[in-house]
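Text of structure-v1.txt, listed as compact mmCIF, C-alpha atoms and all ligand atoms:
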# COMPACT_ATOMS: atom_id res chain seq x y z
CA MET A 30 8.25 -27.45 3.17
CA ILE A 31 9.70 -28.33 6.56
CA ILE A 32 10.18 -25.20 8.66
CA GLY A 33 12.28 -25.25 11.84
CA VAL A 34 11.96 -22.89 14.81
CA PRO A 35 14.89 -23.22 17.24
CA LYS A 36 15.10 -21.72 20.72
CA GLU A 37 17.14 -18.51 20.71
CA ILE A 38 20.50 -18.97 22.42
CA LYS A 39 21.73 -15.36 22.56
CA GLU A 40 21.98 -14.10 26.14
CA VAL A 41 18.74 -12.53 27.45
CA GLU A 42 16.95 -13.06 24.10
CA LYS A 43 13.42 -14.20 24.94
CA ARG A 44 11.69 -13.68 21.61
CA VAL A 45 10.90 -16.58 19.26
CA GLY A 46 10.71 -16.71 15.45
CA MET A 47 7.13 -18.02 15.22
CA THR A 48 3.97 -17.96 17.31
CA PRO A 49 1.54 -20.92 17.62
CA GLN A 50 -0.77 -18.90 15.33
CA GLY A 51 1.95 -18.90 12.66
CA VAL A 52 2.45 -22.65 13.05
CA ASP A 53 -1.28 -23.22 12.62
CA ALA A 54 -1.41 -21.18 9.40
CA LEU A 55 1.60 -23.01 7.90
CA VAL A 56 0.17 -26.42 8.81
CA VAL A 57 -3.14 -25.48 7.15
CA HIS A 58 -1.10 -24.75 4.00
CA GLY A 59 0.29 -28.29 4.10
CA HIS A 60 3.71 -27.53 5.61
CA ARG A 61 5.42 -29.24 8.53
CA VAL A 62 6.77 -27.15 11.41
CA LEU A 63 9.44 -28.38 13.83
CA VAL A 64 9.60 -26.37 17.07
CA GLU A 65 12.37 -26.87 19.61
CA ARG A 66 11.05 -27.72 23.07
CA SER A 67 10.62 -24.57 25.24
CA ALA A 68 11.45 -22.27 22.28
CA GLY A 69 8.44 -20.08 23.07
CA LYS A 70 8.75 -20.08 26.85
CA GLY A 71 10.34 -16.62 27.12
CA SER A 72 7.47 -15.13 25.10
CA GLY A 73 4.81 -16.94 27.12
CA PHE A 74 3.99 -19.73 24.62
CA SER A 75 3.91 -23.25 26.06
CA ASP A 76 4.99 -26.38 24.18
CA GLN A 77 1.39 -27.57 24.40
CA GLU A 78 0.18 -24.47 22.51
CA TYR A 79 2.60 -25.23 19.66
CA GLN A 80 1.61 -28.89 19.68
CA LYS A 81 -2.09 -28.01 19.55
CA ALA A 82 -1.37 -25.77 16.57
CA GLY A 83 0.12 -28.76 14.76
CA ALA A 84 3.85 -28.37 15.40
CA THR A 85 6.18 -31.31 15.92
CA LEU A 86 8.13 -30.68 19.11
CA VAL A 87 11.78 -31.71 18.92
CA GLU A 88 14.58 -31.93 21.48
CA GLY A 89 17.57 -29.68 21.03
CA PRO A 90 18.73 -27.46 18.15
CA LYS A 91 20.47 -30.28 16.25
CA ASN A 92 17.18 -31.88 15.27
CA ILE A 93 15.79 -28.55 14.05
CA TRP A 94 18.75 -27.70 11.81
CA GLU A 95 19.03 -31.29 10.56
CA GLY A 96 15.39 -31.59 9.61
CA ALA A 97 14.38 -28.13 8.32
CA ASP A 98 14.45 -26.77 4.76
CA MET A 99 14.03 -23.30 6.24
CA VAL A 100 15.07 -22.15 9.72
CA VAL A 101 13.16 -19.16 11.11
CA LYS A 102 14.81 -17.30 13.98
CA VAL A 103 15.05 -13.89 15.63
CA LYS A 104 18.77 -13.27 16.16
CA GLU A 105 21.79 -14.21 14.06
CA PRO A 106 23.21 -17.73 14.55
CA LEU A 107 25.96 -18.03 17.16
CA GLU A 108 29.03 -20.26 17.27
CA PRO A 109 27.31 -23.41 18.66
CA GLU A 110 24.89 -23.27 15.70
CA PHE A 111 27.50 -22.88 12.93
CA SER A 112 28.29 -26.57 12.60
CA LEU A 113 24.56 -27.43 12.44
CA MET A 114 23.89 -25.43 9.27
CA ARG A 115 23.39 -27.35 6.02
CA PRO A 116 24.21 -26.25 2.43
CA GLY A 117 21.18 -24.85 0.61
CA GLN A 118 19.22 -24.35 3.83
CA VAL A 119 17.19 -21.14 3.99
CA LEU A 120 17.86 -19.01 7.07
CA PHE A 121 15.37 -16.21 7.72
CA THR A 122 16.33 -14.01 10.69
CA TYR A 123 17.99 -10.72 11.70
CA LEU A 124 21.55 -11.12 10.37
CA HIS A 125 23.16 -7.62 10.53
CA LEU A 126 26.08 -9.05 8.55
CA ALA A 127 27.79 -5.75 7.71
CA ALA A 128 28.91 -5.64 11.35
CA ASN A 129 29.91 -9.32 11.61
CA ARG A 130 32.69 -10.68 9.41
CA GLU A 131 32.95 -14.03 11.20
CA LEU A 132 29.28 -14.83 10.68
CA THR A 133 29.42 -13.74 7.04
CA LEU A 134 32.29 -16.14 6.36
CA GLU A 135 30.53 -18.98 8.22
CA LEU A 136 27.33 -18.53 6.23
CA MET A 137 29.35 -18.44 3.01
CA GLU A 138 31.25 -21.59 3.94
CA HIS A 139 28.03 -23.41 4.79
CA ARG A 140 26.41 -22.17 1.53
CA ILE A 141 23.38 -20.91 3.41
CA VAL A 142 20.56 -19.03 1.66
CA GLY A 143 20.72 -16.13 4.12
CA ILE A 144 17.79 -13.71 4.15
CA GLY A 145 18.19 -10.86 6.65
CA TYR A 146 15.07 -9.28 8.15
CA GLU A 147 16.89 -5.95 8.32
CA THR A 148 17.44 -5.66 4.56
CA VAL A 149 13.94 -6.63 3.38
CA GLN A 150 12.95 -3.30 1.85
CA GLY A 151 9.79 -1.82 0.34
CA GLN A 152 9.78 0.19 -2.89
CA ASP A 153 9.58 3.43 -0.89
CA GLY A 154 12.77 2.53 0.98
CA SER A 155 10.88 1.46 4.13
CA LEU A 156 12.20 -1.44 6.22
CA PRO A 157 9.06 -3.40 7.16
CA LEU A 158 10.83 -5.94 9.38
CA LEU A 159 12.74 -3.32 11.39
CA ARG A 160 9.72 -1.07 11.83
CA PRO A 161 7.91 -3.19 14.47
CA MET A 162 10.90 -2.99 16.84
CA SER A 163 11.19 0.78 16.35
CA GLU A 164 7.48 1.09 17.12
CA ILE A 165 7.90 -0.81 20.37
CA ALA A 166 11.09 1.04 21.35
CA GLY A 167 9.39 4.39 20.71
CA ARG A 168 6.33 3.50 22.76
CA ALA A 169 8.37 1.95 25.58
CA SER A 170 10.77 4.94 25.71
CA VAL A 171 8.05 7.07 27.30
CA LEU A 172 7.37 4.43 29.96
CA ALA A 173 11.13 4.19 30.65
CA GLY A 174 11.33 7.99 30.87
CA GLY A 175 8.41 8.06 33.30
CA MET A 176 10.29 5.60 35.51
CA CYS A 177 13.50 7.71 35.36
CA LEU A 178 11.55 10.71 36.64
CA GLU A 179 10.62 8.85 39.82
CA ALA A 180 12.44 10.20 42.87
CA ARG A 181 13.88 6.78 43.75
CA HIS A 182 15.79 6.74 40.44
CA GLY A 183 17.22 10.23 41.01
CA GLY A 184 14.47 11.97 39.03
CA ARG A 185 12.60 15.18 39.87
CA GLY A 186 9.63 13.19 41.12
CA VAL A 187 7.39 14.40 38.28
CA LEU A 188 4.45 12.31 37.07
CA LEU A 189 4.20 12.54 33.26
CA CYS A 190 0.47 13.20 33.24
CA GLY A 191 0.45 15.67 36.15
CA ALA A 192 -2.66 15.80 38.32
CA SER A 193 -5.65 18.09 38.67
CA GLY A 194 -4.24 21.48 39.56
CA VAL A 195 -0.72 20.31 38.61
CA PRO A 196 0.52 20.71 35.03
CA PRO A 197 1.82 17.65 33.14
CA ALA A 198 5.49 17.01 32.39
CA LYS A 199 7.09 18.40 29.26
CA VAL A 200 8.42 15.71 26.91
CA VAL A 201 10.76 16.75 24.08
CA ILE A 202 11.33 14.24 21.28
CA LEU A 203 14.29 14.58 18.90
CA GLY A 204 13.39 12.91 15.59
CA ALA A 205 9.91 12.32 14.18
CA GLY A 206 10.52 8.99 12.42
CA VAL A 207 9.10 5.63 13.52
CA VAL A 208 10.54 5.76 17.07
CA GLY A 209 9.77 9.46 17.53
CA SER A 210 6.20 9.37 16.24
CA ASN A 211 5.39 6.33 18.41
CA ALA A 212 6.91 8.04 21.46
CA CYS A 213 4.82 11.08 20.59
CA LYS A 214 1.56 9.07 20.47
CA VAL A 215 2.19 7.50 23.88
CA ALA A 216 3.39 10.71 25.55
CA LEU A 217 0.35 12.55 24.25
CA GLY A 218 -1.94 9.69 25.24
CA ILE A 219 -0.57 9.74 28.79
CA GLY A 220 -1.34 13.44 28.97
CA ALA A 221 2.16 14.94 28.79
CA SER A 222 2.89 18.20 27.03
CA VAL A 223 4.84 17.21 23.88
CA SER A 224 7.35 19.00 21.64
CA ILE A 225 8.90 17.18 18.68
CA LEU A 226 11.76 18.24 16.41
CA ASP A 227 12.90 16.94 13.02
CA ILE A 228 14.83 18.21 10.03
CA HIS A 229 12.05 17.14 7.63
CA PRO A 230 9.03 19.50 7.68
CA GLU A 231 6.74 16.85 6.15
CA ARG A 232 7.26 14.52 9.16
CA LEU A 233 6.30 17.36 11.51
CA SER A 234 3.33 18.31 9.37
CA TYR A 235 2.04 14.68 9.42
CA LEU A 236 2.29 14.45 13.21
CA HIS A 237 0.76 17.90 13.69
CA ASP A 238 -2.20 16.84 11.54
CA ILE A 239 -2.87 13.45 13.16
CA THR A 240 -2.65 14.93 16.66
CA GLN A 241 -4.93 17.79 15.60
CA GLY A 242 -2.33 20.31 16.67
CA HIS A 243 -2.05 19.04 20.24
CA ILE A 244 1.75 18.93 20.02
CA ALA A 245 4.36 21.62 19.37
CA THR A 246 6.53 20.92 16.32
CA PHE A 247 9.90 22.50 15.54
CA ILE A 248 12.49 22.29 12.81
CA SER A 249 15.54 20.81 14.45
CA ASN A 250 18.59 23.05 14.84
CA ARG A 251 21.11 23.65 17.60
CA MET A 252 19.47 26.76 19.02
CA THR A 253 15.92 25.37 19.11
CA ILE A 254 17.07 22.09 20.64
CA GLY A 255 18.87 24.05 23.39
CA GLU A 256 15.81 26.19 24.10
CA GLU A 257 13.35 23.30 24.13
CA ILE A 258 15.33 20.92 26.32
CA ALA A 259 16.13 23.62 28.92
CA SER A 260 12.50 23.47 30.09
CA ALA A 261 11.98 19.72 29.49
CA ASP A 262 11.33 17.07 32.12
CA LEU A 263 12.07 14.25 29.67
CA VAL A 264 14.03 14.27 26.39
CA ILE A 265 13.81 11.28 24.05
CA GLY A 266 16.57 10.82 21.44
CA ALA A 267 15.10 9.17 18.33
CA VAL A 268 17.17 10.41 15.40
CA LEU A 269 18.71 8.36 12.63
CA ILE A 270 20.92 9.18 9.70
CA PRO A 271 20.80 5.89 7.76
CA GLY A 272 24.12 4.08 7.69
CA ALA A 273 25.85 6.71 9.84
CA HIS A 274 26.67 7.43 13.47
CA ALA A 275 23.81 9.31 15.20
CA PRO A 276 24.49 13.08 15.26
CA LYS A 277 25.46 14.39 18.73
CA LEU A 278 22.60 16.86 19.02
CA VAL A 279 22.82 17.47 22.78
CA THR A 280 26.19 18.49 24.17
CA ARG A 281 27.23 18.24 27.80
CA LEU A 282 26.91 22.02 28.07
CA MET A 283 23.30 21.91 26.82
CA LEU A 284 22.56 19.14 29.31
CA LYS A 285 23.93 21.27 32.15
CA ARG A 286 21.28 23.87 31.34
CA MET A 287 18.49 21.34 31.92
CA ARG A 288 16.75 21.16 35.27
CA HIS A 289 18.30 18.88 37.87
CA GLY A 290 16.50 15.53 38.04
CA SER A 291 15.19 15.67 34.47
CA ALA A 292 15.62 12.53 32.36
CA VAL A 293 16.91 11.55 28.93
CA VAL A 294 16.11 8.32 27.09
CA ASP A 295 18.49 7.82 24.17
CA VAL A 296 16.83 5.30 21.87
CA SER A 297 19.45 6.10 19.20
CA VAL A 298 22.09 4.55 21.48
CA ASP A 299 22.42 1.58 19.10
CA GLN A 300 23.85 4.02 16.52
CA GLY A 301 26.14 5.68 19.04
CA GLY A 302 23.52 7.93 20.66
CA CYS A 303 22.58 11.59 20.14
CA PHE A 304 23.65 12.92 23.57
CA GLU A 305 27.32 13.64 24.27
CA THR A 306 26.87 11.93 27.66
CA THR A 307 25.33 8.70 26.31
CA ARG A 308 26.86 5.34 27.14
CA PRO A 309 25.05 2.04 26.51
CA THR A 310 23.23 0.42 29.44
CA THR A 311 21.42 -2.90 29.91
CA HIS A 312 18.01 -3.97 31.21
CA GLU A 313 19.74 -5.27 34.34
CA ASN A 314 21.24 -1.84 35.06
CA PRO A 315 19.41 0.60 32.80
CA THR A 316 20.13 4.04 34.25
CA TYR A 317 22.93 6.30 35.45
CA VAL A 318 23.03 9.95 36.50
CA GLU A 319 25.33 12.45 34.85
CA GLU A 320 25.25 16.26 35.25
CA GLY A 321 22.24 15.67 37.51
CA ILE A 322 20.24 14.17 34.63
CA VAL A 323 18.99 10.56 34.76
CA HIS A 324 20.09 8.71 31.60
CA TYR A 325 18.40 5.57 30.19
CA CYS A 326 20.38 4.18 27.22
CA VAL A 327 19.32 0.55 26.71
CA ALA A 328 20.29 -0.66 23.23
CA ASN A 329 17.59 -3.37 22.97
CA ILE A 330 14.50 -1.82 24.53
CA PRO A 331 12.06 -4.33 22.88
CA GLY A 332 13.89 -7.11 24.76
CA ALA A 333 12.03 -6.07 27.90
CA PHE A 334 8.73 -6.95 26.23
CA PRO A 335 9.35 -10.32 24.52
CA ARG A 336 5.70 -11.27 24.18
CA THR A 337 4.59 -8.04 22.51
CA SER A 338 7.82 -7.96 20.49
CA THR A 339 7.39 -11.54 19.26
CA PHE A 340 3.83 -10.83 18.10
CA ALA A 341 4.86 -7.55 16.46
CA LEU A 342 7.86 -9.12 14.72
CA THR A 343 6.09 -12.26 13.53
CA ASN A 344 3.07 -10.27 12.31
CA ALA A 345 5.53 -8.60 9.95
CA THR A 346 7.67 -11.63 9.03
CA PHE A 347 4.89 -14.19 8.61
CA PRO A 348 3.62 -13.14 5.13
CA TYR A 349 7.17 -13.58 3.80
CA ILE A 350 7.59 -16.96 5.55
CA LEU A 351 4.36 -18.18 4.00
CA GLN A 352 5.40 -17.04 0.53
CA ILE A 353 8.76 -18.80 0.81
CA ALA A 354 7.08 -21.97 2.10
CA ASP A 355 4.32 -22.00 -0.51
CA LYS A 356 6.35 -21.04 -3.58
CA GLY A 357 9.91 -22.03 -2.68
CA TYR A 358 12.48 -19.29 -2.09
CA GLU A 359 13.44 -18.96 -5.76
CA LYS A 360 9.96 -18.12 -7.03
CA ALA A 361 9.06 -16.11 -3.93
CA MET A 362 12.08 -13.87 -4.50
CA GLU A 363 11.49 -13.54 -8.22
CA GLU A 364 7.97 -12.31 -7.52
CA ASN A 365 8.54 -10.18 -4.41
CA GLU A 366 11.04 -7.35 -4.75
CA ALA A 367 11.06 -6.52 -1.02
CA LEU A 368 11.92 -10.12 -0.11
CA ARG A 369 14.54 -10.27 -2.87
CA LYS A 370 16.33 -7.32 -1.24
CA GLY A 371 16.50 -9.39 1.94
CA LEU A 372 18.81 -11.93 0.30
CA ASN A 373 22.35 -11.41 1.60
CA LEU A 374 24.06 -14.68 0.68
CA ILE A 375 23.49 -17.69 -1.52
CA GLY A 376 25.68 -20.58 -2.71
CA GLY A 377 28.71 -19.23 -0.83
CA GLN A 378 28.49 -15.79 -2.47
CA VAL A 379 27.57 -12.39 -1.02
CA VAL A 380 24.75 -10.80 -3.05
CA TYR A 381 24.16 -7.74 -0.83
CA ARG A 382 26.50 -4.97 -1.87
CA ALA A 383 26.94 -3.23 1.51
CA VAL A 384 27.97 -6.52 3.15
CA ALA A 385 30.49 -7.34 0.41
CA GLU A 386 31.94 -3.81 0.60
CA SER A 387 32.20 -3.90 4.40
CA PHE A 388 34.68 -6.79 4.24
CA GLY A 389 36.23 -6.35 0.79
CA LEU A 390 34.53 -9.57 -0.38
CA ALA A 391 33.50 -10.26 -3.97
CA PHE A 392 29.97 -9.11 -4.75
CA ALA A 393 27.74 -11.32 -6.91
CA GLN A 394 24.46 -10.26 -8.56
CA ASN A 395 21.27 -11.37 -6.84
CA PRO A 396 20.28 -14.34 -9.05
CA PHE A 397 16.58 -13.51 -8.69
CA SER A 398 16.78 -9.93 -9.93
CA PRO A 399 14.95 -9.31 -13.20
CA PRO A 400 17.35 -9.24 -16.20
CA SER A 401 16.92 -5.46 -16.64
CA LEU A 402 18.37 -4.90 -13.14
CA LYS A 403 21.22 -7.37 -13.59
CA ASN A 404 22.59 -5.67 -16.69
CA PRO A 405 21.60 -2.01 -16.49
CA SER A 406 22.22 -0.45 -19.91
N1 LIG B 501 17.38 1.22 21.58
C1 LIG B 501 16.56 0.39 20.95
O1 LIG B 501 16.12 -0.61 21.49
C2 LIG B 501 16.13 0.70 19.55
C3 LIG B 501 15.08 -0.02 18.96
C4 LIG B 501 14.65 0.34 17.68
C5 LIG B 501 15.31 1.40 17.00
N2 LIG B 501 16.36 2.05 17.62
C6 LIG B 501 17.06 3.17 16.99
O2 LIG B 501 16.27 4.35 17.07
C7 LIG B 501 16.73 5.28 16.08
C8 LIG B 501 15.55 5.85 15.31
O3 LIG B 501 14.98 4.81 14.52
P1 LIG B 501 13.70 5.08 13.59
O4 LIG B 501 13.21 3.74 13.15
O5 LIG B 501 12.75 6.01 14.24
O6 LIG B 501 14.38 5.83 12.36
P2 LIG B 501 13.63 6.75 11.29
O7 LIG B 501 14.52 6.83 10.11
O8 LIG B 501 12.22 6.31 11.12
O9 LIG B 501 13.57 8.19 12.02
C9 LIG B 501 14.72 8.95 12.28
C10 LIG B 501 14.33 10.42 12.22
O10 LIG B 501 15.45 11.21 12.64
C11 LIG B 501 15.36 12.42 11.92
N3 LIG B 501 16.60 13.17 12.03
C12 LIG B 501 17.79 12.97 11.41
N4 LIG B 501 18.66 13.93 11.80
C13 LIG B 501 18.00 14.74 12.67
C14 LIG B 501 18.35 15.92 13.39
N5 LIG B 501 19.56 16.47 13.28
N6 LIG B 501 17.42 16.48 14.20
C15 LIG B 501 16.19 15.96 14.31
N7 LIG B 501 15.80 14.86 13.63
C16 LIG B 501 16.70 14.27 12.82
C17 LIG B 501 15.04 11.95 10.51
O11 LIG B 501 14.55 13.00 9.69
C18 LIG B 501 13.96 10.89 10.81
O12 LIG B 501 12.66 11.44 10.79
C19 LIG B 501 17.73 4.48 15.23
O13 LIG B 501 19.04 4.77 15.66
C20 LIG B 501 17.38 3.04 15.53
O14 LIG B 501 18.47 2.17 15.30
C21 LIG B 501 16.78 1.71 18.86

Do you think you could lay out the structure here as structure tokens?
Ligand SMILES: NC(=O)c1ccc[n+]([C@@H]2O[C@H](COP(=O)([O-])OP(=O)(O)OC[C@H]3O[C@@H](n4cnc5c(N)ncnc54)[C@H](O)[C@@H]3O)[C@@H](O)[C@H]2O)c1
Amino acid sequence: MIIGVPKEIKEVEKRVGMTPQGVDALVVHGHRVLVERSAGKGSGFSDQEYQKAGATLVEGPKNIWEGADMVVKVKEPLEPEFSLMRPGQVLFTYLHLAANRELTLELMEHRIVGIGYETVQGQDGSLPLLRPMSEIAGRASVLAGGMCLEARHGGRGVLLCGASGVPPAKVVILGAGVVGSNACKVALGIGASVSILDIHPERLSYLHDITQGHIATFISNRMTIGEEIASADLVIGAVLIPGAHAPKLVTRLMLKRMRHGSAVVDVSVDQGGCFETTRPTTHENPTYVEEGIVHYCVANIPGAFPRTSTFALTNATFPYILQIADKGYEKAMEENEALRKGLNLIGGQVVYRAVAESFGLAFAQNPFSPPSLKNPS
């Protein structure tokens, strides 16, 4: 198969869909990989590294889209790429179509085989290609919070780990899912005093066990949140109700009861945020102060760490890329249920129900589903 890796064109996107290591593995399997010149630059991969791994370097996106059977990217295609897409071409990338009608219609019109990273789903409901970015956001949220606590950013001037004779900072984490548990590991590793709240006791029990009881765990409710954050130096918002707006767990009144110069990092900002005072910020201007509390609400935290993020993402996507390349997308999807769930569009039809419902478009059955799933009796 010929696999194409274009340079990302979305503003400030520095990740790339494949590392030189991925190119090497595909070439060993007999495939050909076209990489757009300077595609890996933002993640610290030179053209020479790709070339050494066996890639063919090409100029400009046109040559990638023209030559590739499968295009592997990070972000959804943008307007300049629409006219380059070819019917029957496989596109493997984050698509997030349910929020983008224009792109859905373009992919339908161009009869793209659109596989979205975000809908590849394990049997247990897990989202293996979203998880790596949540891991990174969770870990980085503690570093961002530490920065917010610096005096020059309006913080209380508290060092997360404290010092000998000086107690560490108190970090309160709302939500013990992927983001929350990764924030917990880093905060604990740094030496902070950590409290974590969730509505699911089993999540708390898991974290309590793996940290050997070195954290305080609480069932999340309004009163306990209020009590815990009142004495916090840093609060990290990491809750998610799948498919819904994040619940506003911390009201302005609760925030007013926190100590002046404390910080909040709202990782859930991409779902609307879990603090009443949250408003999205960017890496260029990441913080603002409201009610005396430093807020950090960047919606794409992993974007600050393109090299780590590219490795983490491609570690997760690569096994699927290899299966598609080796078997062809039809067989790969017949045999791999998780990958099959990633298929959003094929032959001009929407085969992912939530996307069809979002825009009132006709829904077609996934052609690779086993017969028992197509016609449930
Ligand atoms: N800002 C960024 O760059 C960035 C990056 C990755 C993920 N995110 C976002 O971070 C959020 C968390 O993602 P995740 O992967 O950890 O999700 P997850 O599903 O793994 O975890 C969410 C947790 O929130 C808990 N929860 C739900 N309601 C709660 C409540 N009322 N009180 C306490 N806990 C509650 C759930 O039980 C679950 O354990 C999502 O909104 C996700 O989109 C943001």

Point to revise | Of the listed residues A:Gly96, A:Pro197, A:Gly184, A:Gly204, that which approaches ligand LIG 501 (chain B) most closely, counting only C-alpha atoms and all ligand atoms | key: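 Using only C-alpha atoms and all ligand atoms, the shortest distance to ligand LIG 501 (chain B) belongs to A:Gly204.
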
Point to revise | Distance criterion (all atoms listed in the file): nearest to ligand LIG 501 (chain B) out of A:Ile202, A:Ala292, A:Ala261, A:Ile219 | key: A:Ile202

Could you give me the axis-aligned bounding box of ligand LIG 501 (chain B), with 3 Å of padding per side, as centre plus edge lengths in Å to one decimal, as lines of an AutoDock Vina configuration file?
center_x = 15.9
center_y = 7.9
center_z = 15.6
size_x = 13.3
size_y = 23.1
size_z = 17.9

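Residues of protein, DNA or RNA lying at most 6 Å from ligand LIG 501 (chain B), when only C-alpha atoms and all ligand atoms are considered, are Met162, Ser163, Ala166, Leu203, Gly204, Ala205, Gly206, Val207, Val208, Gly209, Leu226, Asp227, Ile228, His229, Ser249, Ala267, Val268, Leu269, Ile270, Val296, Ser297, Val298, Asp299, Gln300, Val327, Ala328, Asn329, Ile330 and Pro331 of chain A.
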
Exercise for review: Would you kindly return, as a list in words, each protein, DNA or RNA residue with an atom no farther than 12 Å from any atom of Ala333 in chain A, considering only C-alpha atoms and excluding same-chain residues fewer than 2 positions away?
Suggested key: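 Result of the neighbour search: Val41, Glu42, Lys43, Arg44, Gly71, Ser72, Met162, Ile165, Ala166, Ala169, Ser170, Leu172, Ala173, Thr311, His312, Glu313, Pro315, Val327, Ala328, Asn329, Ile330, Pro331, Pro335, Arg336, Thr337, Ser338 and Thr339 of chain A.
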
Exercise for review: Please indicate the distance in Å from CA of Ala361 in chain A to CA of Ala68 in chain A, rounded to one decimal place.
Suggested key: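 A separation of 27.0 Å between them.
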
**Study point:** CA of Tyr349 in chain A to CA of Leu390 in chain A, distance in Å rounded to a single decimal
**Key:** 28.0 Å
